[in-house]
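The file model22.txt comes next; it holds compact mmCIF, C-alpha atoms.
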# COMPACT_ATOMS: atom_id res chain seq x y z
CA MET A 87 -26.71 -6.83 21.25
CA LEU A 88 -28.67 -7.15 17.99
CA ARG A 89 -28.43 -3.40 17.49
CA LEU A 90 -24.69 -3.59 18.05
CA ALA A 91 -24.35 -6.37 15.49
CA GLN A 92 -26.34 -4.35 12.96
CA THR A 93 -24.26 -1.22 13.62
CA MET A 94 -20.98 -3.07 13.18
CA ALA A 95 -22.27 -4.94 10.13
CA THR A 96 -23.15 -1.63 8.48
CA TYR A 97 -19.60 -0.40 9.07
CA GLN A 98 -17.98 -3.67 8.02
CA LYS A 99 -19.88 -3.89 4.74
CA ASN A 100 -18.74 -0.35 3.93
CA ALA A 101 -15.16 -0.97 5.04
CA ALA A 102 -13.84 -1.26 1.48
CA LEU A 103 -15.02 2.30 0.79
CA HIS A 104 -12.84 5.29 1.55
CA GLU A 105 -15.57 7.88 0.89
CA LEU A 106 -19.26 7.79 1.82
CA THR A 107 -22.23 10.15 1.84
CA THR A 108 -24.32 9.68 4.98
CA LYS A 109 -26.48 11.60 7.47
CA VAL A 110 -25.81 12.98 10.93
CA ILE A 111 -27.67 11.44 13.88
CA THR A 112 -26.11 13.52 16.66
CA CYS A 113 -23.39 16.14 17.08
CA GLN A 114 -22.49 17.18 20.61
CA PRO A 115 -19.54 18.42 22.66
CA VAL A 116 -17.63 15.55 24.24
CA ALA A 117 -17.94 17.38 27.56
CA SER A 118 -21.75 16.95 27.37
CA LEU A 119 -21.60 13.16 27.06
CA PRO A 120 -22.38 10.97 30.10
CA GLU A 121 -19.47 10.56 32.48
CA THR A 122 -19.29 6.83 31.74
CA TYR A 123 -18.76 7.63 28.06
CA GLN A 124 -16.08 10.20 28.77
CA SER A 125 -14.07 7.61 30.67
CA VAL A 126 -13.80 5.64 27.41
CA LEU A 127 -12.72 8.73 25.49
CA LYS A 128 -9.51 9.48 27.34
CA GLY A 129 -7.33 11.78 25.32
CA ALA A 130 -10.16 13.80 23.79
CA GLU A 131 -9.48 17.52 24.00
CA ALA A 132 -11.84 19.70 26.02
CA ASP A 133 -13.33 21.40 22.95
CA SER A 134 -13.79 18.18 20.96
CA TYR A 135 -17.11 17.14 19.44
CA ALA A 136 -18.61 13.69 18.94
CA ILE A 137 -20.62 12.90 15.82
CA THR A 138 -22.71 9.80 15.12
CA THR A 139 -24.03 8.99 11.64
CA THR A 140 -26.53 6.61 10.06
CA ASP A 141 -23.69 4.77 8.29
CA THR A 142 -19.93 5.02 8.56
CA ILE A 143 -16.77 3.97 6.75
CA PHE A 144 -14.59 4.80 9.78
CA HIS A 145 -13.18 1.75 11.56
CA PRO A 146 -13.57 2.25 15.32
CA GLN A 147 -10.72 1.24 17.58
CA GLY A 148 -11.19 -2.40 18.45
CA GLY A 149 -10.20 -5.94 17.63
CA GLY A 150 -6.60 -4.94 18.17
CA GLN A 151 -6.71 -2.35 15.38
CA PRO A 152 -6.39 1.44 15.80
CA SER A 153 -9.24 3.60 14.52
CA ASP A 154 -9.34 5.37 11.19
CA ILE A 155 -8.84 9.11 10.96
CA GLY A 156 -10.11 11.50 8.29
CA ILE A 157 -12.55 14.31 7.63
CA MET A 158 -16.23 15.08 7.11
CA LYS A 159 -17.47 17.66 4.61
CA SER A 160 -20.83 19.40 4.39
CA ASP A 161 -20.40 19.62 0.60
CA PRO A 162 -18.30 17.30 -1.63
CA GLY A 163 -16.88 20.33 -3.42
CA ALA A 164 -15.93 22.19 -0.24
CA GLU A 165 -12.24 23.05 0.04
CA THR A 166 -12.35 23.20 3.84
CA PRO A 167 -13.63 20.20 5.79
CA LEU A 168 -16.43 20.67 8.27
CA PHE A 169 -14.93 18.29 10.82
CA GLU A 170 -11.60 16.55 11.41
CA VAL A 171 -12.01 13.00 12.74
CA LYS A 172 -9.12 12.26 15.11
CA PHE A 173 -10.28 8.94 16.53
CA VAL A 174 -13.35 6.71 16.53
CA ARG A 175 -14.88 4.62 19.34
CA LYS A 176 -17.88 2.37 19.87
CA LEU A 177 -19.57 3.47 23.10
CA PRO A 178 -22.01 1.76 25.49
CA ASP A 179 -25.10 2.85 23.54
CA ASN A 180 -23.78 0.71 20.66
CA GLN A 181 -23.27 3.72 18.40
CA ILE A 182 -19.99 4.55 16.66
CA TYR A 183 -18.73 7.99 17.73
CA HIS A 184 -16.41 10.07 15.54
CA LEU A 185 -14.32 12.29 17.84
CA GLY A 186 -12.54 15.41 16.67
CA LYS A 187 -12.77 19.13 16.04
CA LEU A 188 -14.92 21.42 13.96
CA SER A 189 -13.01 23.56 11.49
CA ASP A 190 -12.52 27.22 12.44
CA GLY A 191 -15.84 29.03 12.09
CA ALA A 192 -17.77 25.85 11.24
CA ILE A 193 -21.30 25.44 12.58
CA PRO A 194 -21.99 22.05 14.20
CA PRO A 195 -24.00 19.82 11.82
CA THR A 196 -27.60 19.11 12.75
CA PRO A 197 -29.48 15.77 12.91
CA GLY A 198 -30.49 14.67 9.42
CA GLN A 199 -27.87 16.81 7.70
CA THR A 200 -26.09 15.12 4.79
CA ILE A 201 -22.31 14.93 5.08
CA LEU A 202 -19.48 13.34 3.13
CA GLN A 203 -17.04 11.11 5.04
CA GLN A 204 -13.49 10.67 3.76
CA ILE A 205 -10.99 8.48 5.56
CA ASP A 206 -7.21 8.88 5.47
CA SER A 207 -6.50 6.09 2.95
CA GLN A 208 -2.77 5.98 3.65
CA LYS A 209 -3.37 5.43 7.36
CA ARG A 210 -6.12 2.84 6.67
CA ASN A 211 -3.82 0.87 4.38
CA PHE A 212 -1.01 1.00 6.94
CA HIS A 213 -3.29 -0.42 9.64
CA SER A 214 -4.64 -3.03 7.19
CA ARG A 215 -1.12 -4.23 6.44
CA TYR A 216 -0.46 -4.75 10.16
CA HIS A 217 -3.76 -6.53 10.72
CA THR A 218 -3.29 -8.95 7.82
CA ALA A 219 0.31 -9.56 8.93
CA GLY A 220 -0.98 -10.60 12.36
CA HIS A 221 -3.19 -13.28 10.81
CA ILE A 222 -0.27 -14.49 8.69
CA VAL A 223 1.97 -14.76 11.78
CA SER A 224 -0.74 -16.81 13.51
CA LEU A 225 -1.06 -19.11 10.52
CA ALA A 226 2.72 -19.53 10.37
CA VAL A 227 2.75 -20.64 14.02
CA LYS A 228 -0.11 -23.03 13.31
CA GLN A 229 1.72 -24.58 10.36
CA LEU A 230 4.86 -25.08 12.46
CA HIS A 231 3.05 -27.05 15.17
CA GLU A 232 5.20 -30.15 14.67
CA THR A 233 8.29 -28.27 15.84
CA ILE A 234 6.72 -25.59 18.05
CA GLY A 235 4.20 -27.84 19.75
CA THR A 236 0.49 -27.33 20.38
CA VAL A 237 -0.50 -23.77 21.26
CA THR A 238 -3.84 -21.95 21.27
CA GLU A 239 -4.28 -18.47 19.84
CA LEU A 240 -5.78 -16.16 22.47
CA LYS A 241 -5.65 -12.51 21.40
CA ALA A 242 -3.75 -10.01 19.30
CA ASN A 243 -2.84 -6.36 18.99
CA HIS A 244 -2.25 -5.03 15.48
CA ALA A 245 -1.24 -1.48 16.39
CA PRO A 246 2.00 -0.26 14.76
CA GLY A 247 4.92 -0.38 17.18
CA MET A 248 3.20 -2.74 19.62
CA ALA A 249 1.83 -5.52 17.40
CA PHE A 250 1.76 -9.06 18.74
CA VAL A 251 -0.17 -12.33 18.73
CA GLU A 252 -0.55 -14.10 22.08
CA PHE A 253 -0.84 -17.86 22.47
CA GLY A 254 -1.64 -20.23 25.28
CA GLY A 255 1.35 -22.52 25.61
CA LEU A 256 5.08 -21.97 25.39
CA ILE A 257 6.91 -21.06 22.18
CA GLY A 258 10.68 -21.19 22.54
CA GLY A 259 12.76 -18.25 21.36
CA GLU A 260 14.64 -20.57 19.02
CA HIS A 261 11.52 -20.64 16.78
CA LYS A 262 11.64 -16.89 16.04
CA GLY A 263 13.51 -17.25 12.75
CA ALA A 264 11.36 -20.15 11.53
CA ILE A 265 8.13 -18.24 12.26
CA GLN A 266 9.41 -15.18 10.40
CA GLU A 267 10.56 -17.28 7.45
CA ARG A 268 7.24 -19.14 7.20
CA ALA A 269 5.21 -15.94 7.59
CA ASN A 270 7.07 -14.29 4.71
CA GLU A 271 6.78 -17.39 2.58
CA LEU A 272 3.00 -17.26 3.08
CA MET A 273 2.98 -13.52 2.32
CA ARG A 274 4.93 -14.02 -0.92
CA ARG A 275 2.40 -16.54 -2.21
CA ASN A 276 0.34 -13.44 -3.06
CA VAL A 277 -3.03 -15.08 -2.49
CA PRO A 278 -6.34 -13.19 -2.15
CA VAL A 279 -7.64 -12.04 1.23
CA ASN A 280 -11.39 -12.66 1.00
CA ILE A 281 -14.29 -11.48 3.20
CA HIS A 282 -17.28 -13.73 3.89
CA TRP A 283 -20.43 -13.48 6.02
CA TRP A 284 -21.25 -16.93 7.39
CA ASP A 285 -23.20 -18.62 10.14
CA GLU A 286 -21.30 -20.67 12.71
CA ALA A 287 -21.89 -24.03 10.99
CA LYS A 288 -20.58 -22.85 7.63
CA ALA A 289 -17.58 -21.16 9.24
CA LYS A 290 -16.67 -24.36 11.12
CA ASP A 291 -17.21 -26.51 8.01
CA PHE A 292 -14.80 -24.23 6.18
CA GLY A 293 -12.21 -24.74 8.91
CA THR A 294 -12.33 -21.22 10.35
CA ALA A 295 -10.05 -20.87 13.38
CA PHE A 296 -12.05 -19.59 16.35
CA PRO A 297 -9.83 -17.96 19.00
CA GLU A 298 -10.35 -19.21 22.56
CA GLY A 299 -13.26 -17.41 24.22
CA PHE A 300 -14.93 -16.38 20.95
CA THR A 301 -18.72 -15.96 21.13
CA MET A 302 -21.14 -15.67 18.23
CA PRO A 303 -23.09 -12.41 17.70
CA ASP A 304 -26.77 -12.58 18.58
CA ASP A 305 -27.82 -12.53 14.92
CA GLY A 306 -25.80 -15.72 14.32
CA VAL A 307 -23.73 -14.32 11.44
CA ILE A 308 -20.00 -13.60 11.57
CA ARG A 309 -17.58 -11.82 9.29
CA VAL A 310 -14.78 -14.17 8.28
CA VAL A 311 -11.47 -13.10 6.76
CA ASP A 312 -10.09 -15.90 4.60
CA ILE A 313 -6.48 -15.90 3.42
CA GLU A 314 -7.20 -18.12 0.46
CA GLY A 315 -5.87 -21.63 0.75
CA ILE A 316 -4.05 -20.88 4.02
CA GLY A 317 -6.61 -20.20 6.78
CA ALA A 318 -9.52 -18.10 7.99
CA TYR A 319 -10.48 -16.18 11.14
CA PRO A 320 -13.58 -14.39 12.46
CA CYS A 321 -12.52 -10.75 12.13
CA GLY A 322 -14.09 -7.30 11.90
CA GLY A 323 -10.87 -5.52 10.90
CA THR A 324 -9.65 -4.07 7.62
CA HIS A 325 -7.36 -5.90 5.22
CA LEU A 326 -5.70 -5.42 1.85
CA PRO A 327 -6.72 -7.49 -1.20
CA MET A 328 -3.60 -9.66 -1.56
CA THR A 329 -1.05 -11.01 0.92
CA LEU A 330 1.86 -9.48 -1.04
CA ASP A 331 0.40 -6.04 -0.17
CA VAL A 332 1.50 -6.64 3.44
CA GLY A 333 5.22 -6.42 2.69
CA GLU A 334 8.01 -8.05 4.68
CA ILE A 335 7.06 -9.31 8.14
CA VAL A 336 9.62 -9.09 10.94
CA VAL A 337 9.23 -11.18 14.11
CA ARG A 338 10.83 -8.89 16.70
CA LYS A 339 10.80 -11.18 19.71
CA ILE A 340 9.04 -13.99 21.54
CA THR A 341 8.30 -13.52 25.23
CA ARG A 342 6.96 -16.15 27.61
CA LYS A 343 5.25 -15.77 30.97
CA GLN A 344 3.05 -17.98 33.13
CA GLY A 345 2.24 -20.44 30.37
CA PHE A 346 1.60 -17.81 27.66
CA SER A 347 3.72 -16.77 24.69
CA LYS A 348 3.65 -13.43 22.88
CA VAL A 349 5.01 -13.23 19.33
CA SER A 350 5.72 -9.56 18.61
CA TYR A 351 6.01 -8.48 14.99
CA ASP A 352 6.50 -5.52 12.66
CA ILE A 353 6.27 -4.86 8.92
CA ASN A 354 8.77 -3.22 6.58
Take the structure from the file and write it as structure tokens.
Amino acid sequence: MLRLAQTMATYQKNAALHELTTKVITCQPVASLPETYQSVLKGAEADSYAITTTDTIFHPQGGGQPSDIGIMKSDPGAETPLFEVKFVRKLPDNQIYHLGKLSDGAIPPTPGQTILQQIDSQKRNFHSRYHTAGHIVSLAVKQLHETIGTVTELKANHAPGMAFVEFGGLIGGEHKGAIQERANELMRRNVPVNIHWWDEAKAKDFGTAFPEGFTMPDDGVIRVVDIEGIGAYPCGGTHLPMTLDVGEIVVRKITRKQGFSKVSYDIN
């Protein structure tokens, strides 16, 4: 678990970068990976490769956020990329695997080889808008507790087209408009979205909202995303610098089942 925390911390501290020079650890056909790994990589084409690197700026799928996509180059000045990264996963060996295809005629990179990573910035920003919007929706629900009632945030999905925040407790459909209005009011305050690395005591002193079932990493340090003056959450995802960058938030619907409520949202 410590190795996993270190691997994710390396990614998360580089997450503001959209380009990074790093070194290859492994490059192998997906078909050669252990069967247990391949079950996690559903959707990978038969001739795909998997590359691991000493550091990465690619966000792996997780925490409700889709993975980054992009390219790797063997030379910063190269016109043709060496490798197209189509999706990224963290696998059971606690390494982050970049899945995709070698360019036509490209030779697979070797361990120790220096490569340049470049993420698709437009796609990263799109995902970051959704992720930040999800936190804002959660905070809007929290602020409206006097009318909504007491609910507990459980989990979220920030993927475009299927984004939602799920709560323990019932939220009536009549609150949909109020949640959307409050969320957009918070967004329009245009406050900074800050990243901190804190231990559990400092995070709790600051008033960080810990979702139900949250457990601390083995190294005792968590990454906290703080929407300044509004609220903070433990989070490993990507975000944009200011809340106004999110754009208009639309609460699509509220569904309720067996004591749980799902607030589904979109951004314009």
Which residues, written as number ranges by chain, have at least one atom at most 8 Å from stretch 307-309 of chain A, with all atoms listed in the file counted and residues fewer than 6 positions away on the same chain left out?
A: 281-286, 320-322
Just the number, please: distance in Å from atom CA of A:Met158 to atom CA of A:Thr108, one decimal.
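Computed distance, atom CA of A:Met158 to atom CA of A:Thr108, equals 10.0 Å.
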Of the candidates A:Ile157, A:Ala136, A:Gly198, A:Val174, which shows the shortest atom-to-atom distance to A:Lys109, using only C-alpha atoms?
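Looking at the shortest contact to A:Lys109, the residue is A:Gly198.
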In Å, with one decimal, what is the gap from atom CA of A:Thr329 to atom CA of A:His213?
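The value is 13.9 Å.
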Which protein, DNA or RNA residues have an atom at most 9 Å from (0.3, -16.3, 22.4), counting all atoms listed in the file? List them as a ChimeraX atom specification.
/A:224,237-242,250-257,341-342,346-349
Store the residues picked out above, limited to C-alpha atoms, as a compact mmCIF listing (two decimals), in the frame of the given file.
# COMPACT_ATOMS: atom_id res chain seq x y z
CA SER A 224 -0.74 -16.81 13.51
CA VAL A 237 -0.50 -23.77 21.26
CA THR A 238 -3.84 -21.95 21.27
CA GLU A 239 -4.28 -18.47 19.84
CA LEU A 240 -5.78 -16.16 22.47
CA LYS A 241 -5.65 -12.51 21.40
CA ALA A 242 -3.75 -10.01 19.30
CA PHE A 250 1.76 -9.06 18.74
CA VAL A 251 -0.17 -12.33 18.73
CA GLU A 252 -0.55 -14.10 22.08
CA PHE A 253 -0.84 -17.86 22.47
CA GLY A 254 -1.64 -20.23 25.28
CA GLY A 255 1.35 -22.52 25.61
CA LEU A 256 5.08 -21.97 25.39
CA ILE A 257 6.91 -21.06 22.18
CA THR A 341 8.30 -13.52 25.23
CA ARG A 342 6.96 -16.15 27.61
CA PHE A 346 1.60 -17.81 27.66
CA SER A 347 3.72 -16.77 24.69
CA LYS A 348 3.65 -13.43 22.88
CA VAL A 349 5.01 -13.23 19.33
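Restricting the calculation to only C-alpha atoms, the smallest distance between A:Glu298 and any of A:Phe173, A:Thr200, A:Tyr319, A:Pro120 is found for A:Tyr319.
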Distance query stretch 159-168 of chain A at most 10 Å, only C-alpha atoms, self and fewer than 2 positions along chain excluded, as a count of residues only:
20
Would you kindly return, as a PyMOL selection string, each protein, DNA or RNA residue with an atom no farther than 9 Å from any atom of A:Phe292, considering all atoms listed in the file and excluding same-chain residues fewer than 4 positions away?
chain A and resi 287-288+318
Using Å and a single decimal, report how far atom CA of A:Phe296 sits from atom CA of A:Val337.
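Calculated distance between atom CA of A:Val337 and atom CA of A:Phe296 is 23.0 Å.
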Please determine, counting all atoms listed in the file, which residue among A:Leu177, A:Ile316, A:Ala245, A:Leu272 has the shortest atom-to-atom distance to A:Gly149.
A:Ala245
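Of the listed residues (A:Gln266, A:Ser153, A:Gln229, A:Asn276), A:Ser153 comes nearest to A:Tyr183; the distances count only C-alpha atoms.
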When you count only C-alpha atoms, which of these residues is closest to A:His217: A:Gly306, A:Gly247, A:Gly150, A:Gly258?
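Closest to A:His217, using only C-alpha atoms: A:Gly150.
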I'd like to know which of A:Ile313, A:Leu119, A:Ala130, A:Ala264 is closest to A:Leu225, using all atoms listed in the file.
A:Ile313
Can you pull out every residue within 12 Å of stretch 145-148 of chain A, counting all atoms listed in the file, but drop anything in the same chain fewer than 5 positions away, and send it as a PyMOL selection string?
chain A and resi 93-104+126-127+138+153-156+171-177+180-185+204-207+209-211+213-214+217+241-245+321-325
